[in-house]
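start19.txt follows; it contains compact mmCIF, C-alpha atoms and all ligand atoms.
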```txt
# COMPACT_ATOMS: atom_id res chain seq x y z
CA MET S 1 134.77 92.19 97.93
CA ASN S 2 136.40 91.83 101.36
CA PRO S 3 140.13 92.55 101.73
CA ASN S 4 141.23 88.92 101.81
CA ALA S 5 139.20 87.97 98.75
CA LEU S 6 140.52 91.02 96.92
CA ALA S 7 144.10 90.15 97.90
CA ILE S 8 143.68 86.64 96.48
CA HIS S 9 142.18 88.05 93.31
CA LEU S 10 144.97 90.61 92.89
CA TYR S 11 147.59 87.96 93.54
CA SER S 12 146.10 85.86 90.74
CA ILE S 13 145.81 88.63 88.13
CA TYR S 14 149.10 90.39 88.87
CA ASP S 15 151.14 88.45 86.34
CA ASP S 16 148.86 89.70 83.54
CA HIS S 17 149.55 93.32 84.42
CA ARG S 18 153.13 93.59 85.59
CA LEU S 19 155.52 95.53 83.38
CA ASP S 20 158.12 92.82 82.84
CA HIS S 21 160.53 95.09 81.01
CA LEU S 22 160.89 97.39 84.04
CA ARG S 23 163.45 95.97 86.46
CA PRO S 24 165.50 97.52 89.28
CA SER S 25 168.53 97.86 87.01
CA THR S 26 166.54 99.67 84.32
CA CYS S 27 164.36 101.76 86.60
CA ARG S 28 165.93 105.11 85.73
CA HIS S 29 164.04 108.38 85.61
CA SER S 30 163.84 108.75 81.82
CA ARG S 31 162.56 105.18 81.43
CA LEU S 32 159.99 105.48 84.17
CA TYR S 33 158.88 108.95 83.13
CA GLY S 34 158.36 107.82 79.52
CA GLU S 35 156.47 104.77 80.74
CA VAL S 36 154.15 106.81 82.95
CA VAL S 37 153.46 109.40 80.24
CA GLY S 38 152.54 106.53 77.89
CA LEU S 39 150.20 105.00 80.47
CA VAL S 40 148.49 108.32 81.03
CA ALA S 41 147.96 108.70 77.27
CA ARG S 42 146.46 105.21 77.02
CA SER S 43 144.19 105.65 80.03
CA GLY S 44 141.51 107.63 78.23
CA GLY S 45 141.55 110.43 80.79
CA ARG S 46 141.37 108.08 83.76
CA VAL S 47 144.94 108.91 84.83
CA ARG S 48 146.26 112.48 84.95
CA ILE S 49 149.81 113.77 85.30
CA ARG S 50 151.46 117.01 86.33
CA GLU S 51 154.83 118.08 87.65
CA ALA S 52 155.25 118.13 91.42
CA GLY S 53 158.63 119.82 91.11
CA ARG S 54 162.13 119.39 89.71
CA SER S 55 165.16 117.68 91.18
CA VAL S 56 168.49 119.40 91.84
CA GLU S 57 169.60 118.40 88.34
CA GLY S 58 166.33 119.55 86.81
CA ARG S 59 164.59 116.21 86.30
CA PRO S 60 160.80 116.54 86.47
CA ILE S 61 159.18 114.82 89.45
CA PRO S 62 155.83 113.52 88.18
CA LEU S 63 152.64 113.56 90.23
CA VAL S 64 150.16 111.08 88.78
CA SER S 65 146.52 111.23 89.85
CA PHE S 66 143.40 109.12 89.44
CA GLY S 67 139.93 108.84 90.98
CA ARG S 68 137.34 111.48 91.82
CA GLY S 69 136.31 110.38 95.29
CA GLU S 70 136.25 112.21 98.59
CA ARG S 71 139.07 110.44 100.39
CA THR S 72 142.38 111.88 99.29
CA VAL S 73 145.46 109.64 99.32
CA LEU S 74 149.10 110.51 98.57
CA LEU S 75 151.71 107.86 97.83
CA TRP S 76 155.38 108.41 97.09
CA SER S 77 158.27 106.07 96.44
CA GLN S 78 162.03 106.14 95.96
CA MET S 79 162.81 109.20 98.04
CA HIS S 80 165.93 107.12 98.53
CA GLY S 81 167.26 106.65 95.01
CA ASP S 82 168.47 103.07 95.48
CA GLU S 83 165.07 101.80 96.68
CA PRO S 84 163.03 101.14 93.50
CA THR S 85 160.83 98.17 94.46
CA ALA S 86 157.69 100.18 95.23
CA THR S 87 158.26 102.41 92.20
CA LEU S 88 158.03 99.32 90.03
CA ALA S 89 154.91 98.14 91.86
CA LEU S 90 153.32 101.57 91.34
CA ALA S 91 154.13 101.38 87.63
CA ASP S 92 152.43 97.96 87.51
CA LEU S 93 149.44 99.42 89.34
CA LEU S 94 149.16 102.37 86.95
CA SER S 95 149.43 99.96 84.03
CA LEU S 96 146.45 97.97 85.29
CA LEU S 97 144.54 101.19 85.81
CA ALA S 98 145.31 102.46 82.30
CA GLU S 99 144.32 99.19 80.64
CA ASP S 100 141.17 98.46 82.64
CA ARG S 101 137.93 99.50 81.00
CA GLY S 102 135.56 99.00 83.88
CA ARG S 103 136.08 95.23 83.98
CA GLU S 104 137.27 95.18 87.58
CA GLY S 105 134.45 96.31 89.85
CA TRP S 106 136.73 96.86 92.86
CA LEU S 107 138.80 99.28 90.78
CA THR S 108 135.72 101.27 89.88
CA GLU S 109 134.99 101.47 93.62
CA ILE S 110 138.48 102.88 94.24
CA LEU S 111 137.98 105.51 91.53
CA LYS S 112 134.61 106.47 93.01
CA GLY S 113 135.73 106.60 96.61
CA CYS S 114 139.29 107.95 96.41
CA ASN S 115 141.25 110.77 94.92
CA VAL S 116 144.70 109.22 94.62
CA HIS S 117 147.99 111.03 93.95
CA VAL S 118 151.21 109.16 93.26
CA ILE S 119 154.79 110.42 93.12
CA PRO S 120 156.46 107.32 91.73
CA MET S 121 160.07 108.53 92.00
CA LEU S 122 160.71 111.42 94.35
CA ASN S 123 164.50 111.34 94.05
CA PRO S 124 165.28 110.88 90.33
CA ASP S 125 168.90 112.09 90.64
CA GLY S 126 169.57 109.49 93.32
CA ALA S 127 167.83 106.85 91.19
CA GLU S 128 170.12 107.75 88.30
CA ARG S 129 173.14 106.99 90.51
CA HIS S 130 171.56 104.09 92.43
CA GLN S 131 172.28 105.96 95.65
CA ARG S 132 170.24 106.78 98.74
CA HIS S 133 170.89 110.52 98.77
CA ASN S 134 170.01 113.17 96.20
CA ALA S 135 172.52 114.68 93.75
CA VAL S 136 174.18 116.83 96.43
CA GLY S 137 174.26 114.20 99.15
CA ILE S 138 171.13 115.19 101.09
CA ASP S 139 168.99 112.42 102.58
CA VAL S 140 165.55 113.62 101.46
CA ASN S 141 163.94 111.79 104.37
CA ARG S 142 165.93 113.90 106.83
CA ASP S 143 164.97 117.13 105.11
CA ALA S 144 161.29 117.34 106.01
CA ARG S 145 161.78 120.34 108.33
CA SER S 146 164.47 122.40 106.66
CA LEU S 147 163.27 121.66 103.11
CA VAL S 148 166.62 122.57 101.58
CA SER S 149 166.35 120.03 98.75
CA PRO S 150 163.86 120.62 95.92
CA GLU S 151 162.79 116.98 96.23
CA ALA S 152 161.73 117.47 99.86
CA ARG S 153 160.01 120.72 98.95
CA ALA S 154 158.05 119.01 96.15
CA LEU S 155 156.75 116.39 98.57
CA PHE S 156 156.02 118.93 101.29
CA GLU S 157 154.05 121.12 98.89
CA ALA S 158 152.11 118.16 97.50
CA GLN S 159 150.99 117.23 101.01
CA ARG S 160 150.28 120.85 101.97
CA ASP S 161 148.17 121.46 98.86
CA LEU S 162 146.35 118.12 98.67
CA ARG S 163 145.77 117.63 102.43
CA PRO S 164 145.57 113.84 102.04
CA GLU S 165 143.71 111.86 104.64
CA PHE S 166 146.07 108.92 104.05
CA ALA S 167 149.71 108.84 102.96
CA PHE S 168 152.00 105.95 101.95
CA ASN S 169 155.76 106.32 102.35
CA LEU S 170 157.37 103.54 100.29
CA HIS S 171 160.94 102.30 100.80
CA ASP S 172 163.31 99.34 100.59
CA GLN S 173 165.04 98.20 103.76
CA GLY S 174 168.24 96.33 104.56
CA LEU S 175 168.14 92.69 105.52
CA GLY S 176 166.28 92.17 108.77
CA SER S 177 164.69 89.36 110.75
CA VAL S 178 161.16 89.14 112.09
CA GLY S 179 161.92 89.95 115.71
CA THR S 180 164.23 87.35 117.24
CA SER S 181 163.13 84.66 114.79
CA THR S 182 165.31 83.27 112.00
CA LYS S 183 162.88 84.45 109.31
CA ALA S 184 164.01 87.20 106.95
CA THR S 185 161.61 90.15 106.84
CA ALA S 186 159.66 90.33 103.56
CA ILE S 187 157.72 93.50 104.38
CA ALA S 188 158.13 95.88 107.32
CA LEU S 189 155.49 98.37 108.43
CA LEU S 190 155.45 101.50 110.54
CA ALA S 191 152.76 103.93 111.59
CA PRO S 192 155.26 106.63 112.64
CA ALA S 193 154.94 108.65 115.81
CA SER S 194 154.08 112.33 115.49
CA GLU S 195 155.78 113.48 118.68
CA PRO S 196 158.50 112.26 121.09
CA GLY S 197 155.96 110.72 123.49
CA ARG S 198 154.71 108.50 120.64
CA ARG S 199 151.08 109.04 121.58
CA VAL S 200 148.49 107.17 119.57
CA THR S 201 146.56 110.12 118.19
CA PRO S 202 143.41 109.58 116.10
CA VAL S 203 145.45 110.27 112.95
CA ARG S 204 148.09 107.74 113.93
CA ARG S 205 145.48 105.21 114.98
CA ARG S 206 144.03 105.32 111.48
CA ALA S 207 147.50 104.59 110.06
CA MET S 208 147.71 101.65 112.48
CA ARG S 209 144.41 100.33 111.12
CA LEU S 210 145.92 100.43 107.65
CA ALA S 211 149.04 98.64 108.90
CA SER S 212 146.85 95.95 110.48
CA LEU S 213 145.04 95.52 107.19
CA VAL S 214 148.28 95.10 105.22
CA ALA S 215 149.75 92.72 107.79
CA GLY S 216 146.53 90.67 107.80
CA ILE S 217 146.40 90.12 104.06
CA LEU S 218 150.13 89.57 103.49
CA ASP S 219 150.91 87.44 106.51
CA PRO S 220 149.47 84.19 105.10
CA ILE S 221 151.17 84.80 101.74
CA VAL S 222 154.63 85.23 103.27
CA GLY S 223 154.33 82.80 106.17
CA GLY S 224 154.63 85.40 108.91
CA ARG S 225 157.57 87.31 107.40
CA ILE S 226 156.14 90.71 108.38
CA ALA S 227 158.01 92.96 110.82
CA ALA S 228 157.46 96.41 112.28
CA TRP S 229 159.91 99.29 112.37
CA ASP S 230 160.91 100.82 115.62
CA ASP S 231 158.69 103.88 116.19
CA THR S 232 161.24 106.24 117.73
CA TYR S 233 160.25 109.78 116.75
CA GLU S 234 162.36 111.28 113.94
CA PRO S 235 161.18 114.85 113.40
CA ARG S 236 163.24 115.28 110.23
CA ALA S 237 161.44 112.41 108.47
CA PHE S 238 158.34 112.96 106.36
CA GLY S 239 156.26 110.16 107.85
CA ASP S 240 156.60 111.63 111.34
CA LEU S 241 155.90 115.14 110.05
CA PHE S 242 152.81 114.22 108.04
CA GLN S 243 151.43 112.06 110.84
CA GLY S 244 151.50 115.21 112.94
CA SER S 245 149.80 117.33 110.31
CA GLY S 246 146.67 115.33 109.69
CA SER S 247 147.65 112.69 107.12
CA SER S 248 147.51 109.13 108.46
CA THR S 249 150.84 107.88 107.17
CA LEU S 250 151.96 104.30 106.69
CA LEU S 251 155.55 103.38 105.93
CA ILE S 252 155.96 100.20 103.89
CA GLU S 253 159.49 98.82 103.60
CA SER S 254 160.22 96.23 100.95
CA GLY S 255 162.38 93.53 102.51
CA HIS S 256 163.84 90.36 101.07
CA TRP S 257 162.97 86.92 99.79
CA ALA S 258 165.34 84.01 99.19
CA GLY S 259 166.30 83.49 95.56
CA ASP S 260 164.73 86.78 94.50
CA PRO S 261 167.55 89.30 93.99
CA GLU S 262 165.41 91.58 91.82
CA LYS S 263 162.65 91.54 94.44
CA CYS S 264 159.99 90.60 91.91
CA PHE S 265 157.97 88.80 94.56
CA ILE S 266 158.28 91.67 97.03
CA ARG S 267 157.13 94.02 94.26
CA LYS S 268 154.07 91.83 93.78
CA LEU S 269 153.34 92.07 97.52
CA ASN S 270 153.47 95.88 97.24
CA PHE S 271 151.02 95.79 94.35
CA VAL S 272 148.57 93.65 96.32
CA ALA S 273 148.96 95.62 99.56
CA LEU S 274 148.52 99.04 97.96
CA LEU S 275 145.42 98.15 95.97
CA VAL S 276 143.76 96.38 98.89
CA SER S 277 144.53 99.45 101.03
CA LEU S 278 143.07 101.87 98.48
CA HIS S 279 139.94 99.74 98.22
CA ALA S 280 139.55 99.62 102.01
CA ILE S 281 139.93 103.40 102.14
CA ALA S 282 137.48 103.94 99.28
CA THR S 283 134.81 101.75 100.88
CA ASP S 284 135.47 102.96 104.46
CA ALA S 285 136.31 99.37 105.44
CA VAL S 286 139.61 100.62 106.87
CA ASP S 287 137.75 102.45 109.65
CA GLU S 288 136.56 99.13 111.09
CA ILE S 289 139.93 97.38 111.28
CA PRO S 290 141.31 96.86 114.80
CA VAL S 291 144.85 98.07 115.50
CA GLU S 292 145.83 95.05 117.60
CA ARG S 293 147.29 93.04 114.78
CA TYR S 294 149.72 95.84 113.98
CA LEU S 295 150.66 96.28 117.62
CA GLY S 296 151.53 92.59 117.83
CA ILE S 297 153.99 92.56 114.92
CA PRO S 298 157.60 91.84 116.03
CA VAL S 299 160.12 94.62 115.42
CA ASN S 300 162.82 94.16 112.74
CA GLY S 301 165.77 92.28 114.23
CA PRO S 302 169.38 91.39 113.30
CA ARG S 303 169.11 87.59 113.27
CA VAL S 304 169.48 86.94 109.55
CA PHE S 305 172.63 86.87 107.44
CA ASP S 306 172.84 87.13 103.66
CA LEU S 307 174.44 83.71 103.66
CA LEU S 308 174.61 81.17 106.47
CA LEU S 309 176.80 78.09 106.15
CA ARG S 310 176.05 75.30 108.59
CA GLY S 311 178.63 72.89 109.95
CA VAL S 312 181.77 74.11 108.20
CA GLU S 313 185.04 72.55 109.41
CA ILE S 314 187.64 75.15 110.41
CA ARG S 315 191.27 74.22 110.97
CA GLU S 316 193.97 75.90 113.01
CA THR S 317 197.05 75.01 111.06
CA GLY S 318 199.64 75.62 113.80
CA SER S 319 198.23 73.24 116.42
CA GLY S 320 196.26 70.99 114.11
CA TRP S 321 193.02 71.76 115.96
CA SER S 322 189.79 71.57 114.01
CA GLY S 323 186.10 71.97 114.78
CA ARG S 324 182.71 72.41 113.12
CA VAL S 325 181.04 75.82 113.19
CA ASP S 326 178.37 77.87 111.47
CA VAL S 327 179.55 80.88 109.49
CA GLY S 328 177.34 83.97 109.00
CA LEU S 329 178.26 86.21 106.07
CA SER S 330 177.10 89.55 104.66
CA PHE S 331 177.72 90.16 100.99
CA HIS S 332 180.35 92.74 100.21
CA PRO S 333 179.98 95.36 98.94
CA PRO S 334 176.67 95.60 100.78
CA GLN S 335 173.65 95.54 98.50
CA LEU S 336 169.97 96.05 98.95
CA ARG S 337 168.87 93.39 96.56
CA ARG S 338 171.67 91.15 95.44
CA GLY S 339 171.52 87.41 95.70
CA LEU S 340 174.12 84.74 96.11
CA ALA S 341 174.25 84.35 92.34
CA GLU S 342 175.86 87.74 91.96
CA ALA S 343 178.01 87.99 95.07
CA THR S 344 181.75 87.38 94.90
CA SER S 345 182.89 88.35 98.38
CA ALA S 346 181.47 88.71 101.85
CA VAL S 347 182.19 90.02 105.33
CA VAL S 348 182.55 87.33 107.99
CA ARG S 349 179.98 88.45 110.56
CA GLU S 350 179.94 85.63 113.03
CA ILE S 351 181.54 82.20 113.54
CA GLY S 352 180.25 79.59 115.98
CA ASP S 353 176.84 78.36 117.07
CA LEU S 354 174.34 80.18 114.85
CA SER S 355 171.48 77.79 115.51
CA ARG S 356 169.35 80.76 116.58
CA HIS S 357 170.10 82.70 113.41
CA GLY S 358 168.88 82.35 109.85
CA GLY S 359 170.20 83.07 106.39
CA LEU S 360 168.43 84.56 103.45
CA GLU S 361 170.39 81.84 101.72
CA GLU S 362 171.41 78.82 103.81
CA ARG S 363 173.78 76.05 102.78
CA ASP S 364 174.99 72.85 104.32
CA GLY S 365 178.72 73.45 104.79
CA SER S 366 179.58 69.97 106.04
CA GLY S 367 181.56 69.25 102.90
CA LEU S 368 183.78 72.28 103.47
CA SER S 369 187.06 72.63 105.32
CA VAL S 370 188.60 76.08 105.71
CA ALA S 371 191.71 77.39 107.45
CA ALA S 372 190.57 79.54 110.39
CA SER S 373 193.21 82.14 109.55
CA SER S 374 191.58 82.72 106.15
CA ILE S 375 188.22 83.79 107.61
CA PRO S 376 188.91 86.16 110.53
CA ALA S 377 185.74 87.73 111.93
CA GLY S 378 185.05 91.12 110.37
CA ALA S 379 187.25 90.50 107.32
CA VAL S 380 186.14 90.66 103.71
CA VAL S 381 186.79 87.28 102.12
CA PRO S 382 186.23 85.86 98.63
CA LEU S 383 183.24 83.52 98.47
CA GLU S 384 185.32 81.05 96.49
CA LEU S 385 186.91 80.13 99.82
CA PHE S 386 183.69 78.23 100.46
CA GLU S 387 183.60 76.47 97.13
CA GLU S 388 184.09 72.75 97.19
CA SER S 389 187.00 71.79 95.00
CA GLY S 390 185.96 70.51 91.64
CA ARG S 391 182.38 71.79 91.95
CA ARG S 392 181.28 74.53 89.63
CA PRO S 393 178.10 76.52 89.52
CA GLU S 394 175.20 74.57 88.09
CA THR S 395 173.83 77.61 86.32
CA GLY S 396 174.77 81.19 85.63
CA ALA S 397 171.19 82.34 85.27
CA ARG S 398 169.79 84.90 87.65
CA ARG S 399 166.66 83.63 89.22
CA THR S 400 163.74 85.95 89.55
CA SER S 401 160.66 85.10 91.48
CA TRP S 402 157.19 86.35 90.84
CA ALA S 403 155.90 83.71 93.25
CA PRO S 404 157.48 82.34 96.41
CA PRO S 405 160.12 79.75 95.54
CA VAL S 406 160.07 76.48 97.39
CA ARG S 407 162.93 76.42 99.87
CA ARG S 408 164.82 73.31 100.79
CA ARG S 409 163.39 72.31 104.13
CA ASP S 410 163.18 68.61 103.40
CA GLY S 411 166.15 67.53 105.48
CA LYS S 412 167.87 66.04 102.46
CA LYS S 413 171.44 66.99 101.86
CA PRO S 414 171.38 70.22 99.90
CA ARG S 415 174.06 71.30 97.47
CA SER S 416 177.22 71.44 99.50
CA ALA S 417 179.17 74.14 97.72
CA VAL S 418 178.72 77.85 97.66
CA TYR S 419 178.63 78.92 94.09
CA ARG S 420 180.37 81.81 92.56
CA TRP S 421 180.31 83.03 89.04
CA ARG S 422 180.81 86.09 86.94
CA PRO S 423 178.75 88.98 88.28
CA PRO S 424 176.45 90.57 85.70
CA ALA S 425 177.23 94.06 84.46
CA GLY S 426 175.59 97.03 86.11
CA ARG S 427 175.61 96.10 89.75
CA ILE S 428 173.43 98.11 92.02
CA ALA S 429 175.20 100.03 94.75
CA GLY S 430 173.47 100.27 98.10
CA ARG S 431 173.71 99.57 101.77
CA ARG S 432 172.96 96.51 103.77
CA MET S 433 171.30 98.28 106.65
CA PRO S 434 170.32 101.80 105.77
CA ALA S 435 169.60 104.06 108.68
CA ALA S 436 166.01 103.94 109.79
CA PRO S 437 163.58 104.98 107.04
ZN ZN T 1 164.44 104.46 102.36
```
Here is the file; what I need is its structure written in the form of structure tokens.
Ligand SMILES: [Zn+2]
Amino acid sequence: MNPNALAIHLYSIYDDHRLDHLRPSTCRHSRLYGEVVGLVARSGGRVRIREAGRSVEGRPIPLVSFGRGERTVLLWSQMHGDEPTATLALADLLSLLAEDRGREGWLTEILKGCNVHVIPMLNPDGAERHQRHNAVGIDVNRDARSLVSPEARALFEAQRDLRPEFAFNLHDQGLGSVGTSTKATAIALLAPASEPGRRVTPVRRRAMRLASLVAGILDPIVGGRIAAWDDTYEPRAFGDLFQGSGSSTLLIESGHWAGDPEKCFIRKLNFVALLVSLHAIATDAVDEIPVERYLGIPVNGPRVFDLLLRGVEIRETGSGWSGRVDVGLSFHPPQLRRGLAEATSAVVREIGDLSRHGGLEERDGSGLSVAASSIPAGAVVPLELFEESGRRPETGARRTSWAPPVRRRDGKKPRSAVYRWRPPAGRIAGRRMPAAP
């Protein structure tokens, strides 16, 4: 099966295999660990598990393995504790693997061609707290050289002992745009540099082939919402370190999708991308993929707001002046995966002509009139400021998307109010724009 056909197939069968009960808010170590141990037990020996190490607080860091092939692959997720999307996709992937009994021929090819090792939650203490850093405040992805944290040491030793030919470094990113476009980035890719001169070594070139493959299969699904990360060399990061020590390393950053605060659709994209990649590695197809597609991907940009209101009237009460402007807002407190449904306040990022910007959520604000003094740039303001009087939310339900929702692009007048309602319990703390991966 070629990569595109496999991607379509995976896209169609995903809903039968996803672990619905695992969500970002419930993706804690004990839950995930129990889930993985159960999958291993059900797999009939197909999936193996051992401990890669222990976190600062003593939580076991599982290393899950499958396949008996020659090409060794190492994948890890959630080295930043508040970035669970790929962890959930890996759990879905392991579930499919445990349940399959030779029905899927492409999976048998992966097992024959690859020897795959997965660390599905490298920073369990951070995951417990929904925070980027580990229990003592260390950013594990800046600890690749000094190896002070046990989490970094576990990953370093796994790579040193397994000598993987390919490695996948799986993260969530803050809201970004595809280059200077108004499209929000759904997935961002990076084949990190292995030295300051950013030379394209043979090892890095192989990672670029993988990136081209992923971009090629996902691009039509997400309508071009694929970006690249800036490749400035960061010697303290694992991707850069491993790229320099023989493992072709691809960073995949889970981005955002409108109306999908739990990133269910982005999780599905991870599932598809990872399995297509493993299959291409197992069958050597990856070696034939040109790097040009990756090199042509626009770099992540700053052109998208969490919420963009078009054509809001602002009034200056002293002089009586009024005018129509666009208002770009970032939810506050900043979150990695919260949607409009859950937000109650926002930072006013920009006021004026935002015709060259986009919003993850966009609303027609022409029915709104706001005092300019109530929305100073840079201030945190309640979203109810932008509620039309008398209009209430049409639903309190959180929407989750396993497939791309249809966005209003029909030119008809959309709902004119910004809706606010009671936030659900257990909000997820995070950052809007974490430092580079
Ligand atoms: Zn990260």
Using only C-alpha atoms and all ligand atoms, find each residue with an atom at most 7 Å away from ligand ZN 1 (chain T) and format the answer as a CSV table (one decimal) with C-alpha atoms, in the frame of the given file.
```
chain,number,residue,atom,x,y,z
S,79,MET,CA,162.8,109.2,98.0
S,80,HIS,CA,165.9,107.1,98.5
S,83,GLU,CA,165.1,101.8,96.7
S,171,HIS,CA,160.9,102.3,100.8
S,172,ASP,CA,163.3,99.3,100.6
S,173,GLN,CA,165.0,98.2,103.8
S,437,PRO,CA,163.6,105.0,107.0
```
Who sits within 7 Å of segment 204-206 of chain S, only C-alpha atoms, same chain under 4 positions skipped, as a PyMOL selection string: chain S and resi 191+200+210+243+248
Written selection (C-alpha atoms) as an mmCIF file, in the coordinates of the input:
```cif
data_model
loop_
_atom_site.group_PDB
_atom_site.id
_atom_site.type_symbol
_atom_site.label_atom_id
_atom_site.label_comp_id
_atom_site.auth_asym_id
_atom_site.auth_seq_id
_atom_site.Cartn_x
_atom_site.Cartn_y
_atom_site.Cartn_z
ATOM 1 C CA ALA S 191 152.760 103.930 111.590
ATOM 2 C CA VAL S 200 148.490 107.170 119.570
ATOM 3 C CA LEU S 210 145.920 100.430 107.650
ATOM 4 C CA GLN S 243 151.430 112.060 110.840
ATOM 5 C CA SER S 248 147.510 109.130 108.460
#
```
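Rounded to one decimal, atom CA of Ile110 of chain S and atom CA of Asn4 of chain S lie 16.1 Å from each other.
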In terms of the shortest atom-to-atom distance over all atoms listed in the file, which of S:Ala98, S:Cys27, S:Leu63, S:Leu385 is closest to Glu157 of chain S? S:Leu63
Nearest residue to Val347 of chain S from the set S:Ile119, S:Met208, S:Ile281, S:Leu307 (distances using only C-alpha atoms): S:Leu307
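Atom pair atom CA of Ala41 of chain S / atom CA of Pro120 of chain S: separated by 16.8 Å.
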Of the listed residues S:Gly223, S:Pro196, S:Leu6, S:Ala135, that which approaches Gly105 of chain S most closely, counting only C-alpha atoms: S:Leu6
Would you mind listing what lies within 10 Å of Leu162 of chain S as a compact mmCIF listing (two decimals) with C-alpha atoms, in the coordinates of the input, with all atoms listed in the file counted and same-chain residues fewer than 5 positions away left out?
```
# COMPACT_ATOMS: atom_id res chain seq x y z
CA THR S 72 142.38 111.88 99.29
CA VAL S 73 145.46 109.64 99.32
CA LEU S 74 149.10 110.51 98.57
CA ASN S 115 141.25 110.77 94.92
CA VAL S 116 144.70 109.22 94.62
CA HIS S 117 147.99 111.03 93.95
CA GLU S 157 154.05 121.12 98.89
```
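Around segment 47-60 of chain S, within 9 Å and counting only C-alpha atoms, the residues found are S:His29, S:Ser30, S:Tyr33, S:Val36, S:Val37, S:Leu39, S:Val40, S:Ala41, S:Phe66, S:Gly67, S:Leu94, S:Leu97, S:Ala98, S:Ile119, S:Leu122, S:Asn123, S:Pro124, S:Asp125, S:Asn134, S:Ala135, S:Val136, S:Ser149, S:Pro150, S:Glu151, S:Arg153, S:Ala154, S:Leu155, S:Glu157, S:Ala158, once anything fewer than 6 positions away on its own chain is removed.
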For the selection just defined, write its residues with C-alpha atoms to a file, as a JSON list (two decimals), in the frame of the given file.
```json
[["chain", "number", "residue", "atom", "x", "y", "z"],
["S", 29, "HIS", "CA", 164.04, 108.38, 85.61],
["S", 30, "SER", "CA", 163.84, 108.75, 81.82],
["S", 33, "TYR", "CA", 158.88, 108.95, 83.13],
["S", 36, "VAL", "CA", 154.15, 106.81, 82.95],
["S", 37, "VAL", "CA", 153.46, 109.40, 80.24],
["S", 39, "LEU", "CA", 150.20, 105.00, 80.47],
["S", 40, "VAL", "CA", 148.49, 108.32, 81.03],
["S", 41, "ALA", "CA", 147.96, 108.70, 77.27],
["S", 66, "PHE", "CA", 143.40, 109.12, 89.44],
["S", 67, "GLY", "CA", 139.93, 108.84, 90.98],
["S", 94, "LEU", "CA", 149.16, 102.37, 86.95],
["S", 97, "LEU", "CA", 144.54, 101.19, 85.81],
["S", 98, "ALA", "CA", 145.31, 102.46, 82.30],
["S", 119, "ILE", "CA", 154.79, 110.42, 93.12],
["S", 122, "LEU", "CA", 160.71, 111.42, 94.35],
["S", 123, "ASN", "CA", 164.50, 111.34, 94.05],
["S", 124, "PRO", "CA", 165.28, 110.88, 90.33],
["S", 125, "ASP", "CA", 168.90, 112.09, 90.64],
["S", 134, "ASN", "CA", 170.01, 113.17, 96.20],
["S", 135, "ALA", "CA", 172.52, 114.68, 93.75],
["S", 136, "VAL", "CA", 174.18, 116.83, 96.43],
["S", 149, "SER", "CA", 166.35, 120.03, 98.75],
["S", 150, "PRO", "CA", 163.86, 120.62, 95.92],
["S", 151, "GLU", "CA", 162.79, 116.98, 96.23],
["S", 153, "ARG", "CA", 160.01, 120.72, 98.95],
["S", 154, "ALA", "CA", 158.05, 119.01, 96.15],
["S", 155, "LEU", "CA", 156.75, 116.39, 98.57],
["S", 157, "GLU", "CA", 154.05, 121.12, 98.89],
["S", 158, "ALA", "CA", 152.11, 118.16, 97.50]]
```
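Proximity ranking of S:Gly45, S:Gly34, S:Gly81, S:Pro376 relative to Ser65 of chain S places S:Gly45 first, based on all atoms listed in the file.
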Which one is closest to Asp260 of chain S: S:Leu309, S:Ala377, S:Leu107, S:Leu360? Count all atoms listed in the file. S:Leu360
Would you compute an axis-aligned box for segment 358-376 of chain S, covering every atom listed for it in the file with 5 Å of margin on each side, and report centre and edge lengths in Å to one decimal as lines of an AutoDock Vina configuration file?
```
center_x = 180.8
center_y = 77.7
center_z = 106.1
size_x = 34.8
size_y = 26.9
size_z = 18.8
```
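A straight line drawn from atom CA of Val304 of chain S to atom CA of Ser254 of chain S is 15.7 Å long.
Compared by their closest atoms to Glu313 of chain S, and using all atoms listed in the file, the residues S:Leu213, S:Leu368, S:Ala280, S:Ala341 rank with S:Leu368 nearest.
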Which neighbours of Glu99 of chain S fall inside 9 Å, counting all atoms listed in the file, when residues of the same chain fewer than 6 positions from it are skipped, and could you give them as a list in words? His17, Leu39, Arg42 and Ser43 of chain S
Residues at most 12 Å from Asn270 of chain S, counting all atoms listed in the file, excluding those fewer than 2 positions away in the same chain, as a ChimeraX atom specification? /S:7,10-11,14,18,77,84-93,168-172,186-189,214-215,217-218,251-255,263-268,272-277
